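Q: The structure is given below, and queries will be raised subsequently.
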Amino acid sequence: MARILSKLHFHEIPDVILSSIFSLVTDTRTRNTMSLVCLKWCKLERSMRTSLTLRGNIRDLYLLPDCFQAITKLDLSFLSPWGCPLFDSSQYSLLLSKLLAKSFPKIVSLTIYARNPSTLRCLAPEWPNLRQVKLVSWHQRFNNALVGSEFVALLENCYSLSSLDLSDFYCWTEDLPPALEAYPNVAASLSHLNILIHSLADGFKSHELISITAACTNLRELLTTCIFDPRFIGFVGDETLLLIASNCPLLSLLHLVDSTSVSINASVDHDHDEEYKTKYSSISHTTLGDFFTSLPMLEDLVLDVCNNVSDVWPALEFLNSKYMRLKSLKLGEFHGICRPDGFALCRGLEYLSIKNSADLTESSLISISLGCPKLTKFEIQGCYKITEMGLWKLVYVLQRTLIDMRISSCKNLNTQRSLQALEPIRDRIQRLHIDCVWEDVEHFEGESSTDTSSTKSTKLKRRYMWEEKKT
Amino acid sequence: MASSSSSSSTQVKKITLKAADGKHFEVEEPVAMEMETVKSFFVGNEDAMKDMVVPLLNVSSEHMPAILDFYRNHSEFRKRTPPPPAEEVKAFNEAFLENKSDEQLMEMIMAANFLNTKELLNFLTEAAANRIKNKSVEYVRAFFGIENDFTPEEEARIRAENEWAFDGLDED
């Protein structure tokens, strides 16, 4: 009886419950399925679908249905055939942009393949309320195009732009600053700027960074490539760092990555002992202290300098005393991170990544483990003085929190030793990345069965292992 | 609240609930008060005596023990200091859903909706959403007991519309 009753009730699943189930399902495949269940579901699904990655041939775009009216987040970077510009200056392009605007009237977040300036010149006027924009392009800009013309079209039309992502956009570093300077109001409303452009061979120059930050004074998040090597023109040194900090005092996330570190050759093994002696950046630890003082909101900091910065512990110690907010810290080529007599780095830190630190030893690891009790993710790369014992001690002290480890190119830590050092968190670790020099591959293969079983972990969700054979 | 004394005092006040098929359940008062529907039966109803039987028209007796078990455990989780580890809560929730058929799950969602308890309802809708992920249209229809009311033309049109949505790849 009760069963029959409830069967009848099924047709009257309250809309509130349906809506909450719909809002919990985000993947496209299931959403498509749900739209095919019945008329009512189709209507509800279309009215609640907010994100869409459009698929199709750009020649067929005139067939675009107008059923996706509620979409606020649209990705137009996957249209085929890939590489063809979406718009040109023809009449058809104008019509197409009108059609897109009619089909998706509520767009606030847009990812678009912008091979030529016409694309944004056509589209930006149709969506003046855009807040987040990501541009994609892998081709060099046309020679006859004006400097920064894509950005001009965007900034001219979208006054409320708050986030601009150029990480996959092939442009020249000199394109951006003039456009931002020409539209100071829009520049000032930007809170997120990602110019960590992977395809660029050279990073943003010092004067470009200064003019960008001077225009975008309200940035909360800035990610950029730059040049730290003082032998190059436009390198980032003490002065630039301080200017960036004073231009954008609200920054909570700052990633400054040397351009040699993002390019493909980054993983090439250099002779470090030689480099430690010769290649110095012009960043001093006293400046770092001042730099941190001017950025009180900092939570996430990456300084991936490919040139040495030495004796940084006084600045980092200062970070500890004042910045409880800092949760994520990545340092590349910083030496003297730990004071000789041991010191606590940062109490609130949850993610720490140390790359190419020449004097990071076992005792440094121990003081890190005692100084950062909340560490959940720890990455270590190219630190030659670290041994299995030191790592084991760190892991042991942090066994309650640590769930994510990355060990990369550390001479004294081959795979077997790394895995043994992780023994205390064997049943807790969720993510592990190991790529290191396997000195004796055959020997390792012989023992691999015992090794994998010893690290057999129920919670390990992902695991990456790469082999780099040293020739 | 009386909840703290519920474990120590020997005489815990009980409230009797009557399921849709007439079966009676004696429930400790704090547990019963987790259900907004029961609570509102007493609050703002001066005449209601605590020994009255509360009729629950949309809840079958089949699900009452499981639902009450959920309330008991989760209110205990909330009271505990320090809060219980996430694994423990997760283990309980998983055990709760084990062996429940799709039909039973839907019935419990309707029950939770009638009893007006946000926590249980949110938990069950999430479970339902997880169950229909990556399933066929027929499965989803059967799950919710819905009839196909599309004409073939309409269905073809919606399929064509869906073609425009890029699936992407599953995250590995």
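Residues in the structure tokens are named by chain (A, B, ... in the order shown) and by number from 1 within that chain; ligands are numbered from 1 in the order shown.
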With a distance cut-off of 7 Å and only C-alpha atoms, select the neighbouring residues of segment 405-415 of chain A, excluding the residue or stretch itself and same-chain residues fewer than 6 positions from it, and output the selection as a PDB file with N, CA and C atoms, in the first residue's frame.
A:
ATOM      1  N   LYS A 377      51.156  19.982   1.975  1.00  0.00           N
ATOM      2  CA  LYS A 377      51.767  19.686   0.684  1.00  0.00           C
ATOM      3  C   LYS A 377      53.208  20.168   0.696  1.00  0.00           C
ATOM      4  N   PHE A 378      54.117  19.289   0.353  1.00  0.00           N
ATOM      5  CA  PHE A 378      55.520  19.642   0.383  1.00  0.00           C
ATOM      6  C   PHE A 378      56.200  19.201  -0.903  1.00  0.00           C
ATOM      7  N   GLU A 379      56.890  20.143  -1.529  1.00  0.00           N
ATOM      8  CA  GLU A 379      57.585  19.817  -2.761  1.00  0.00           C
ATOM      9  C   GLU A 379      59.054  20.151  -2.619  1.00  0.00           C
ATOM     10  N   ILE A 380      59.863  19.294  -3.161  1.00  0.00           N
ATOM     11  CA  ILE A 380      61.284  19.554  -3.079  1.00  0.00           C
ATOM     12  C   ILE A 380      61.918  19.158  -4.402  1.00  0.00           C
ATOM     13  N   GLN A 381      62.739  20.060  -4.920  1.00  0.00           N
ATOM     14  CA  GLN A 381      63.293  19.821  -6.241  1.00  0.00           C
ATOM     15  C   GLN A 381      64.746  20.278  -6.287  1.00  0.00           C
ATOM     16  N   GLY A 382      65.598  19.440  -6.776  1.00  0.00           N
ATOM     17  CA  GLY A 382      66.989  19.807  -6.997  1.00  0.00           C
ATOM     18  C   GLY A 382      67.745  20.239  -5.758  1.00  0.00           C
ATOM     19  N   CYS A 383      67.448  19.629  -4.625  1.00  0.00           N
ATOM     20  CA  CYS A 383      68.202  19.955  -3.414  1.00  0.00           C
ATOM     21  C   CYS A 383      69.128  18.772  -3.122  1.00  0.00           C
ATOM     22  N   TYR A 384      70.413  19.001  -3.330  1.00  0.00           N
ATOM     23  CA  TYR A 384      71.337  17.870  -3.362  1.00  0.00           C
ATOM     24  C   TYR A 384      71.771  17.374  -2.001  1.00  0.00           C
ATOM     25  N   ILE A 386      69.982  16.787   0.588  1.00  0.00           N
ATOM     26  CA  ILE A 386      68.968  16.095   1.368  1.00  0.00           C
ATOM     27  C   ILE A 386      69.146  14.590   1.289  1.00  0.00           C
ATOM     28  N   THR A 387      69.005  13.950   2.414  1.00  0.00           N
ATOM     29  CA  THR A 387      69.145  12.502   2.441  1.00  0.00           C
ATOM     30  C   THR A 387      67.828  11.869   2.856  1.00  0.00           C
ATOM     31  N   GLU A 388      67.804  10.571   2.716  1.00  0.00           N
ATOM     32  CA  GLU A 388      66.612   9.817   3.083  1.00  0.00           C
ATOM     33  C   GLU A 388      66.230  10.054   4.546  1.00  0.00           C
ATOM     34  N   ARG A 431      48.550  11.952  -2.793  1.00  0.00           N
ATOM     35  CA  ARG A 431      49.135  12.293  -4.076  1.00  0.00           C
ATOM     36  C   ARG A 431      50.652  12.270  -3.965  1.00  0.00           C
ATOM     37  N   LEU A 432      51.263  11.620  -4.924  1.00  0.00           N
ATOM     38  CA  LEU A 432      52.710  11.467  -4.845  1.00  0.00           C
ATOM     39  C   LEU A 432      53.317  11.647  -6.226  1.00  0.00           C
ATOM     40  N   HIS A 433      54.333  12.470  -6.282  1.00  0.00           N
ATOM     41  CA  HIS A 433      55.053  12.646  -7.552  1.00  0.00           C
ATOM     42  C   HIS A 433      56.519  12.383  -7.286  1.00  0.00           C
ATOM     43  N   ILE A 434      57.063  11.450  -8.000  1.00  0.00           N
ATOM     44  CA  ILE A 434      58.492  11.199  -7.852  1.00  0.00           C
ATOM     45  C   ILE A 434      59.122  11.198  -9.237  1.00  0.00           C
ATOM     46  N   ASP A 435      60.076  12.067  -9.468  1.00  0.00           N
ATOM     47  CA  ASP A 435      60.905  11.852 -10.653  1.00  0.00           C
ATOM     48  C   ASP A 435      62.337  12.129 -10.254  1.00  0.00           C
ATOM     49  N   CYS A 436      63.137  11.125 -10.351  1.00  0.00           N
ATOM     50  CA  CYS A 436      64.499  11.296  -9.877  1.00  0.00           C
ATOM     51  C   CYS A 436      65.449  10.420 -10.672  1.00  0.00           C
ATOM     52  N   VAL A 437      66.675  10.562 -10.353  1.00  0.00           N
ATOM     53  CA  VAL A 437      67.693   9.804 -11.062  1.00  0.00           C
ATOM     54  C   VAL A 437      67.698   8.377 -10.527  1.00  0.00           C
ATOM     55  N   TRP A 438      67.505   7.434 -11.411  1.00  0.00           N
ATOM     56  CA  TRP A 438      67.583   6.039 -10.990  1.00  0.00           C
ATOM     57  C   TRP A 438      68.976   5.536 -11.323  1.00  0.00           C
TER      58      TRP A 438
END
Q: Enumerate the residues of segment 146-251 of chain A with a DSSP assignment of strand (DSSP E), computed from the backbone, and present them as an NGL selection string.
A: :A and (163-169 or 192-195 or 221-226)
Q: Quick one: contact table of chain B to chain A, 9 Å max, nearest atom pair and distance in Å to one decimal per residue, counting only C-alpha atoms, chain and number order, as JSON lines?
A:
{"residue": "B:Ala20", "atom": "CA", "partner": "A:Ala2", "partner_atom": "CA", "distance": 7.2}
{"residue": "B:Asp21", "atom": "CA", "partner": "A:Ala2", "partner_atom": "CA", "distance": 6.8}
{"residue": "B:Asn58", "atom": "CA", "partner": "A:Ser6", "partner_atom": "CA", "distance": 7.9}
{"residue": "B:Val59", "atom": "CA", "partner": "A:Ala2", "partner_atom": "CA", "distance": 8.5}
{"residue": "B:Ser60", "atom": "CA", "partner": "A:Ala2", "partner_atom": "CA", "distance": 6.2}
{"residue": "B:Ser61", "atom": "CA", "partner": "A:Ala2", "partner_atom": "CA", "distance": 8.9}
{"residue": "B:Glu103", "atom": "CA", "partner": "A:Lys7", "partner_atom": "CA", "distance": 8.9}
{"residue": "B:Met106", "atom": "CA", "partner": "A:Phe10", "partner_atom": "CA", "distance": 8.0}
{"residue": "B:Glu107", "atom": "CA", "partner": "A:Ser6", "partner_atom": "CA", "distance": 6.6}
{"residue": "B:Ile109", "atom": "CA", "partner": "A:Ile17", "partner_atom": "CA", "distance": 8.5}
{"residue": "B:Met110", "atom": "CA", "partner": "A:Ile13", "partner_atom": "CA", "distance": 7.5}
{"residue": "B:Asn113", "atom": "CA", "partner": "A:Ile17", "partner_atom": "CA", "distance": 8.1}
{"residue": "B:Leu121", "atom": "CA", "partner": "A:Ile17", "partner_atom": "CA", "distance": 8.5}
{"residue": "B:Asn122", "atom": "CA", "partner": "A:Ser20", "partner_atom": "CA", "distance": 8.3}
{"residue": "B:Thr125", "atom": "CA", "partner": "A:Ile21", "partner_atom": "CA", "distance": 5.8}
{"residue": "B:Glu126", "atom": "CA", "partner": "A:Leu24", "partner_atom": "CA", "distance": 6.8}
{"residue": "B:Ala128", "atom": "CA", "partner": "A:Ile21", "partner_atom": "CA", "distance": 7.3}
{"residue": "B:Ala129", "atom": "CA", "partner": "A:Ile21", "partner_atom": "CA", "distance": 5.6}
{"residue": "B:Asn130", "atom": "CA", "partner": "A:Val25", "partner_atom": "CA", "distance": 7.9}
{"residue": "B:Ile132", "atom": "CA", "partner": "A:Thr30", "partner_atom": "CA", "distance": 7.5}
{"residue": "B:Lys133", "atom": "CA", "partner": "A:Thr30", "partner_atom": "CA", "distance": 5.6}
{"residue": "B:Asn134", "atom": "CA", "partner": "A:Thr30", "partner_atom": "CA", "distance": 5.3}
{"residue": "B:Lys135", "atom": "CA", "partner": "A:Thr30", "partner_atom": "CA", "distance": 7.0}
{"residue": "B:Ser136", "atom": "CA", "partner": "A:Thr33", "partner_atom": "CA", "distance": 6.6}
{"residue": "B:Val137", "atom": "CA", "partner": "A:Thr33", "partner_atom": "CA", "distance": 5.3}
{"residue": "B:Glu138", "atom": "CA", "partner": "A:Val37", "partner_atom": "CA", "distance": 7.8}
{"residue": "B:Val140", "atom": "CA", "partner": "A:Val37", "partner_atom": "CA", "distance": 7.1}
{"residue": "B:Arg141", "atom": "CA", "partner": "A:Val37", "partner_atom": "CA", "distance": 6.0}
{"residue": "B:Phe144", "atom": "CA", "partner": "A:Phe10", "partner_atom": "CA", "distance": 6.5}
{"residue": "B:Gly145", "atom": "CA", "partner": "A:Phe10", "partner_atom": "CA", "distance": 6.1}
{"residue": "B:Ile146", "atom": "CA", "partner": "A:His11", "partner_atom": "CA", "distance": 6.7}
{"residue": "B:Glu147", "atom": "CA", "partner": "A:Cys38", "partner_atom": "CA", "distance": 7.1}
{"residue": "B:Asn148", "atom": "CA", "partner": "A:Cys38", "partner_atom": "CA", "distance": 5.4}
{"residue": "B:Asp149", "atom": "CA", "partner": "A:Cys38", "partner_atom": "CA", "distance": 5.6}
{"residue": "B:Phe150", "atom": "CA", "partner": "A:Cys38", "partner_atom": "CA", "distance": 6.3}
{"residue": "B:Glu155", "atom": "CA", "partner": "A:Leu36", "partner_atom": "CA", "distance": 6.8}
{"residue": "B:Ile158", "atom": "CA", "partner": "A:Leu36", "partner_atom": "CA", "distance": 7.0}
{"residue": "B:Arg159", "atom": "CA", "partner": "A:Leu36", "partner_atom": "CA", "distance": 7.6}
{"residue": "B:Ala160", "atom": "CA", "partner": "A:Pro65", "partner_atom": "CA", "distance": 8.9}
{"residue": "B:Glu161", "atom": "CA", "partner": "A:Pro65", "partner_atom": "CA", "distance": 6.4}
{"residue": "B:Asn162", "atom": "CA", "partner": "A:Asn32", "partner_atom": "CA", "distance": 6.0}
{"residue": "B:Glu163", "atom": "CA", "partner": "A:Arg55", "partner_atom": "CA", "distance": 7.3}
{"residue": "B:Trp164", "atom": "CA", "partner": "A:Arg55", "partner_atom": "CA", "distance": 4.9}
{"residue": "B:Ala165", "atom": "CA", "partner": "A:Leu54", "partner_atom": "CA", "distance": 5.2}
{"residue": "B:Phe166", "atom": "CA", "partner": "A:Arg55", "partner_atom": "CA", "distance": 4.9}
{"residue": "B:Asp167", "atom": "CA", "partner": "A:Thr28", "partner_atom": "CA", "distance": 5.6}
{"residue": "B:Gly168", "atom": "CA", "partner": "A:Thr28", "partner_atom": "CA", "distance": 8.2}
{"residue": "B:Asp172", "atom": "CA", "partner": "A:Arg462", "partner_atom": "CA", "distance": 8.3}
Q: Write out the residues from the selection above, keeping N, CA and C atoms, as a tab-separated table (two decimals), in the first residue's frame.
A:
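part-v2.tsv was written with the following content:
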chain	number	residue	atom	x	y	z
B	20	ALA	N	2.98	6.10	8.09
B	20	ALA	CA	1.87	6.12	7.15
B	20	ALA	C	1.01	4.86	7.25
B	21	ASP	N	1.66	3.74	7.50
B	21	ASP	CA	0.90	2.49	7.57
B	21	ASP	C	0.46	2.14	8.98
B	58	ASN	N	3.40	10.80	5.25
B	58	ASN	CA	4.17	10.46	4.05
B	58	ASN	C	5.39	9.59	4.31
B	59	VAL	N	5.52	9.08	5.53
B	59	VAL	CA	6.70	8.28	5.83
B	59	VAL	C	6.26	6.84	6.12
B	60	SER	N	6.81	5.91	5.36
B	60	SER	CA	6.42	4.53	5.60
B	60	SER	C	7.27	3.95	6.73
B	61	SER	N	6.70	2.98	7.42
B	61	SER	CA	7.40	2.42	8.59
B	61	SER	C	8.69	1.71	8.18
B	103	GLU	N	14.77	2.96	-5.48
B	103	GLU	CA	13.40	3.26	-5.09
B	103	GLU	C	13.34	3.67	-3.62
B	106	MET	N	14.61	7.19	-3.20
B	106	MET	CA	13.63	8.20	-3.58
B	106	MET	C	12.55	8.35	-2.51
B	107	GLU	N	12.11	7.21	-1.99
B	107	GLU	CA	11.09	7.26	-0.94
B	107	GLU	C	11.60	8.01	0.28
B	109	ILE	N	13.89	10.33	0.25
B	109	ILE	CA	13.97	11.76	-0.08
B	109	ILE	C	12.60	12.41	0.15
B	110	MET	N	11.55	11.73	-0.31
B	110	MET	CA	10.22	12.27	-0.11
B	110	MET	C	9.91	12.37	1.39
B	113	ASN	N	11.81	15.21	2.89
B	113	ASN	CA	11.18	16.46	2.49
B	113	ASN	C	9.95	16.74	3.35
B	121	LEU	N	17.93	15.73	4.07
B	121	LEU	CA	17.51	15.97	2.70
B	121	LEU	C	18.71	16.27	1.80
B	122	ASN	N	19.58	17.16	2.27
B	122	ASN	CA	20.78	17.48	1.48
B	122	ASN	C	21.62	16.25	1.22
B	125	THR	N	19.73	14.00	-1.38
B	125	THR	CA	19.73	14.52	-2.75
B	125	THR	C	21.12	14.38	-3.37
B	126	GLU	N	22.13	14.59	-2.55
B	126	GLU	CA	23.49	14.42	-3.06
B	126	GLU	C	23.71	12.97	-3.49
B	128	ALA	N	21.43	10.93	-4.50
B	128	ALA	CA	20.67	10.70	-5.73
B	128	ALA	C	21.43	11.26	-6.93
B	129	ALA	N	21.99	12.47	-6.76
B	129	ALA	CA	22.76	13.08	-7.86
B	129	ALA	C	23.94	12.19	-8.23
B	130	ASN	N	24.61	11.62	-7.21
B	130	ASN	CA	25.73	10.74	-7.50
B	130	ASN	C	25.30	9.49	-8.25
B	132	ILE	N	22.86	9.16	-10.42
B	132	ILE	CA	22.49	9.31	-11.83
B	132	ILE	C	23.65	9.81	-12.69
B	133	LYS	N	24.79	10.10	-12.07
B	133	LYS	CA	25.93	10.57	-12.84
B	133	LYS	C	26.36	9.53	-13.87
B	134	ASN	N	26.54	9.98	-15.10
B	134	ASN	CA	27.01	9.13	-16.20
B	134	ASN	C	26.10	7.93	-16.48
B	135	LYS	N	24.81	8.05	-16.17
B	135	LYS	CA	23.89	6.95	-16.46
B	135	LYS	C	23.06	7.29	-17.71
B	136	SER	N	22.39	6.28	-18.23
B	136	SER	CA	21.59	6.49	-19.44
B	136	SER	C	20.28	7.20	-19.12
B	137	VAL	N	19.66	7.72	-20.16
B	137	VAL	CA	18.38	8.42	-19.98
B	137	VAL	C	17.34	7.47	-19.37
B	138	GLU	N	17.34	6.23	-19.88
B	138	GLU	CA	16.36	5.25	-19.39
B	138	GLU	C	16.54	5.01	-17.89
B	140	VAL	N	17.76	7.09	-15.68
B	140	VAL	CA	17.31	8.26	-14.92
B	140	VAL	C	15.78	8.29	-14.86
B	141	ARG	N	15.14	7.94	-15.99
B	141	ARG	CA	13.67	7.92	-15.99
B	141	ARG	C	13.16	6.89	-15.00
B	144	PHE	N	13.57	8.05	-11.29
B	144	PHE	CA	12.59	9.01	-10.78
B	144	PHE	C	11.15	8.62	-11.13
B	145	GLY	N	10.99	7.47	-11.81
B	145	GLY	CA	9.65	7.04	-12.18
B	145	GLY	C	8.97	8.01	-13.11
B	146	ILE	N	9.70	8.46	-14.12
B	146	ILE	CA	9.16	9.45	-15.04
B	146	ILE	C	8.90	8.81	-16.40
B	147	GLU	N	7.77	9.19	-17.00
B	147	GLU	CA	7.45	8.70	-18.34
B	147	GLU	C	8.04	9.64	-19.38
B	148	ASN	N	8.45	9.06	-20.48
B	148	ASN	CA	8.93	9.87	-21.59
B	148	ASN	C	7.76	10.56	-22.27
B	149	ASP	N	7.73	11.88	-22.24
B	149	ASP	CA	6.61	12.57	-22.89
B	149	ASP	C	7.06	13.37	-24.12
B	150	PHE	N	8.21	13.00	-24.67
B	150	PHE	CA	8.67	13.68	-25.88
B	150	PHE	C	8.10	13.02	-27.13
B	155	GLU	N	12.58	14.94	-29.31
B	155	GLU	CA	13.76	14.29	-28.77
B	155	GLU	C	14.96	14.50	-29.70
B	158	ILE	N	16.32	18.00	-29.23
B	158	ILE	CA	17.12	18.18	-28.01
B	158	ILE	C	18.47	17.49	-28.15
B	159	ARG	N	18.46	16.33	-28.79
B	159	ARG	CA	19.74	15.66	-29.03
B	159	ARG	C	20.65	16.54	-29.88
B	160	ALA	N	20.07	17.19	-30.87
B	160	ALA	CA	20.86	18.08	-31.73
B	160	ALA	C	21.39	19.27	-30.93
B	161	GLU	N	20.56	19.78	-30.04
B	161	GLU	CA	21.03	20.90	-29.19
B	161	GLU	C	22.20	20.45	-28.32
B	162	ASN	N	22.06	19.24	-27.77
B	162	ASN	CA	23.11	18.76	-26.88
B	162	ASN	C	24.43	18.55	-27.60
B	163	GLU	N	24.35	18.31	-28.91
B	163	GLU	CA	25.58	18.14	-29.68
B	163	GLU	C	26.50	19.35	-29.56
B	164	TRP	N	25.92	20.49	-29.31
B	164	TRP	CA	26.72	21.71	-29.24
B	164	TRP	C	27.53	21.81	-27.95
B	165	ALA	N	27.19	20.99	-27.00
B	165	ALA	CA	27.91	21.06	-25.72
B	165	ALA	C	29.08	20.10	-25.75
B	166	PHE	N	30.25	20.65	-25.58
B	166	PHE	CA	31.47	19.86	-25.61
B	166	PHE	C	31.63	19.09	-24.32
B	167	ASP	N	31.82	17.79	-24.48
B	167	ASP	CA	31.92	16.91	-23.32
B	167	ASP	C	33.22	17.07	-22.56
B	168	GLY	N	34.28	17.29	-23.30
B	168	GLY	CA	35.58	17.31	-22.65
B	168	GLY	C	35.98	15.91	-22.25
B	172	ASP	N	41.47	12.59	-15.01
B	172	ASP	CA	42.02	11.29	-14.61
B	172	ASP	C	42.37	11.26	-13.15
Q: From the DSSP assignment of the backbone, select every residue of segment 63-134 of chain A that is helix (DSSP H, G or I), and format the answer as a PyMOL selection string.
A: chain A and resi 63+91-103+117-126
Q: So what do you get for atom CA of Pro296 of chain A versus atom CA of Pro314 of chain A, distance-wise?
A: 17.3 Å
Q: Show me, as number ranges by chain, the residues that have an atom within 7 Å of Asp304 of chain A when counting only C-alpha atoms, minus same-chain residues fewer than 2 positions from it.
A: A: 256-258, 302, 306, 331-332
Q: Please identify all polymer residues within 12 Å of segment 203-205 of chain A, counting only C-alpha atoms, omitting same-chain residues fewer than 2 positions from it, and present them as an MDAnalysis selection string.
A: chainID A and resid 171:177 195:201 207:213 223:230 232:237 240 256:263
Q: Take the residues from that selection and write them out as a short mmCIF file (atom, residue, chain, number, x, y, z; two decimals), in the first residue's frame, keeping N, CA and C atoms.
A:
data_model
loop_
_atom_site.label_atom_id
_atom_site.label_comp_id
_atom_site.auth_asym_id
_atom_site.auth_seq_id
_atom_site.Cartn_x
_atom_site.Cartn_y
_atom_site.Cartn_z
N CYS A 171 51.37 36.60 -27.23
CA CYS A 171 51.48 38.01 -27.60
C CYS A 171 52.87 38.47 -27.19
N TRP A 172 53.21 39.65 -27.53
CA TRP A 172 54.50 40.18 -27.11
C TRP A 172 54.32 40.90 -25.78
N THR A 173 55.38 40.93 -25.02
CA THR A 173 55.24 41.55 -23.70
C THR A 173 54.94 43.04 -23.81
N GLU A 174 55.38 43.67 -24.90
CA GLU A 174 55.15 45.12 -24.99
C GLU A 174 53.73 45.46 -25.40
N ASP A 175 52.90 44.45 -25.76
CA ASP A 175 51.53 44.73 -26.20
C ASP A 175 50.64 45.24 -25.08
N LEU A 176 50.82 44.68 -23.91
CA LEU A 176 49.84 44.90 -22.84
C LEU A 176 49.93 46.28 -22.16
N PRO A 177 51.13 46.72 -21.75
CA PRO A 177 51.16 47.96 -20.95
C PRO A 177 50.48 49.17 -21.60
N ILE A 195 49.48 36.82 -16.44
CA ILE A 195 50.31 36.98 -17.62
C ILE A 195 51.52 36.05 -17.53
N LEU A 196 51.27 34.91 -16.92
CA LEU A 196 52.30 33.88 -16.86
C LEU A 196 52.22 33.11 -18.19
N ILE A 197 52.71 33.73 -19.23
CA ILE A 197 52.50 33.21 -20.58
C ILE A 197 53.53 32.14 -20.88
N HIS A 198 53.04 30.92 -21.10
CA HIS A 198 53.95 29.79 -21.24
C HIS A 198 54.71 29.81 -22.56
N SER A 199 54.11 30.39 -23.58
CA SER A 199 54.74 30.29 -24.89
C SER A 199 55.81 31.35 -25.11
N LEU A 200 55.94 32.27 -24.19
CA LEU A 200 56.91 33.34 -24.40
C LEU A 200 58.32 32.89 -24.04
N ALA A 201 59.27 33.25 -24.90
CA ALA A 201 60.64 32.88 -24.61
C ALA A 201 61.23 33.82 -23.56
N HIS A 207 60.45 47.36 -16.66
CA HIS A 207 59.64 48.57 -16.84
C HIS A 207 58.21 48.24 -17.25
N GLU A 208 58.04 47.11 -17.95
CA GLU A 208 56.68 46.71 -18.33
C GLU A 208 55.88 46.31 -17.10
N LEU A 209 56.52 45.55 -16.23
CA LEU A 209 55.83 45.15 -14.99
C LEU A 209 55.46 46.37 -14.16
N ILE A 210 56.38 47.33 -14.11
CA ILE A 210 56.10 48.52 -13.31
C ILE A 210 54.92 49.29 -13.90
N SER A 211 54.87 49.39 -15.23
CA SER A 211 53.76 50.16 -15.78
C SER A 211 52.44 49.38 -15.68
N ILE A 212 52.52 48.04 -15.78
CA ILE A 212 51.29 47.25 -15.61
C ILE A 212 50.75 47.41 -14.19
N THR A 213 51.63 47.26 -13.22
CA THR A 213 51.15 47.35 -11.83
C THR A 213 50.72 48.77 -11.48
N LEU A 223 49.98 36.94 -11.64
CA LEU A 223 50.89 35.87 -12.00
C LEU A 223 51.64 36.31 -13.25
N THR A 224 52.95 36.30 -13.18
CA THR A 224 53.68 36.77 -14.34
C THR A 224 55.04 36.10 -14.49
N THR A 225 55.51 36.09 -15.73
CA THR A 225 56.88 35.69 -15.98
C THR A 225 57.74 36.94 -15.94
N CYS A 226 59.00 36.78 -15.61
CA CYS A 226 59.90 37.93 -15.65
C CYS A 226 61.33 37.41 -15.78
N ILE A 227 62.26 38.31 -15.74
CA ILE A 227 63.67 37.93 -15.89
C ILE A 227 64.40 38.35 -14.62
N PHE A 228 65.01 37.41 -13.96
CA PHE A 228 65.74 37.76 -12.74
C PHE A 228 67.24 37.89 -12.99
N ASP A 229 67.70 37.40 -14.15
CA ASP A 229 69.13 37.41 -14.42
C ASP A 229 69.61 38.83 -14.70
N PRO A 230 70.47 39.36 -13.84
CA PRO A 230 70.88 40.77 -13.99
C PRO A 230 71.69 41.04 -15.25
N PHE A 232 70.62 40.50 -18.17
CA PHE A 232 69.69 40.85 -19.24
C PHE A 232 69.11 42.24 -19.04
N ILE A 233 68.67 42.82 -20.15
CA ILE A 233 68.01 44.12 -20.06
C ILE A 233 66.62 43.91 -19.46
N GLY A 234 66.24 44.77 -18.58
CA GLY A 234 64.90 44.69 -18.01
C GLY A 234 64.76 43.64 -16.93
N PHE A 235 65.86 43.27 -16.26
CA PHE A 235 65.76 42.26 -15.21
C PHE A 235 65.04 42.84 -13.98
N VAL A 236 64.46 41.92 -13.22
CA VAL A 236 63.77 42.33 -12.00
C VAL A 236 64.73 42.26 -10.84
N GLY A 237 64.98 43.38 -10.20
CA GLY A 237 65.87 43.41 -9.05
C GLY A 237 65.14 44.02 -7.86
N THR A 240 62.55 46.95 -8.60
CA THR A 240 61.29 46.54 -9.24
C THR A 240 60.38 45.85 -8.24
N LEU A 256 55.85 35.29 -9.22
CA LEU A 256 56.87 35.84 -10.11
C LEU A 256 57.78 34.70 -10.52
N VAL A 257 57.70 34.33 -11.78
CA VAL A 257 58.42 33.14 -12.23
C VAL A 257 59.40 33.53 -13.32
N ASP A 258 60.64 33.14 -13.16
CA ASP A 258 61.63 33.43 -14.18
C ASP A 258 61.27 32.71 -15.47
N SER A 259 61.44 33.40 -16.59
CA SER A 259 60.99 32.82 -17.86
C SER A 259 61.75 31.55 -18.22
N THR A 260 62.99 31.41 -17.77
CA THR A 260 63.71 30.17 -18.07
C THR A 260 63.11 28.99 -17.32
N SER A 261 62.36 29.27 -16.29
CA SER A 261 61.77 28.20 -15.49
C SER A 261 60.50 27.65 -16.13
N VAL A 262 59.78 28.47 -16.91
CA VAL A 262 58.56 27.96 -17.56
C VAL A 262 58.84 27.35 -18.93
N SER A 263 59.97 27.73 -19.53
CA SER A 263 60.22 27.18 -20.87
C SER A 263 60.58 25.71 -20.78
#
Q: For a test of reading the model, state the distance in Å between atom CA of Ala19 of chain B and atom CA of Leu105 of chain B, rounded to one decimal.
A: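 The value is 17.2 Å.
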Q: Near Glu34 of chain B, counting only C-alpha atoms, which residues have an atom at most 12 Å away, once you skip same-chain residues fewer than 5 positions from it, shown as number ranges by chain?
A: B: 3, 27-29, 39-40, 67-76, 112, 115-120
Q: When you look at segment 116-124 of chain A with a cut-off of 7 Å (counting only C-alpha atoms), what residues show up, excluding the ones that are within fewer than 3 positions of it in the same chain? I need them as a list in words.
A: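 Residues near the query, excluding close chain neighbours: Pro85, Leu86, Phe87, Asp88, Ser89, Leu94, Ser97, Trp127, Pro128, Ser149, Glu150, Ala153, Leu154, Asn157 and Cys158 of chain A.
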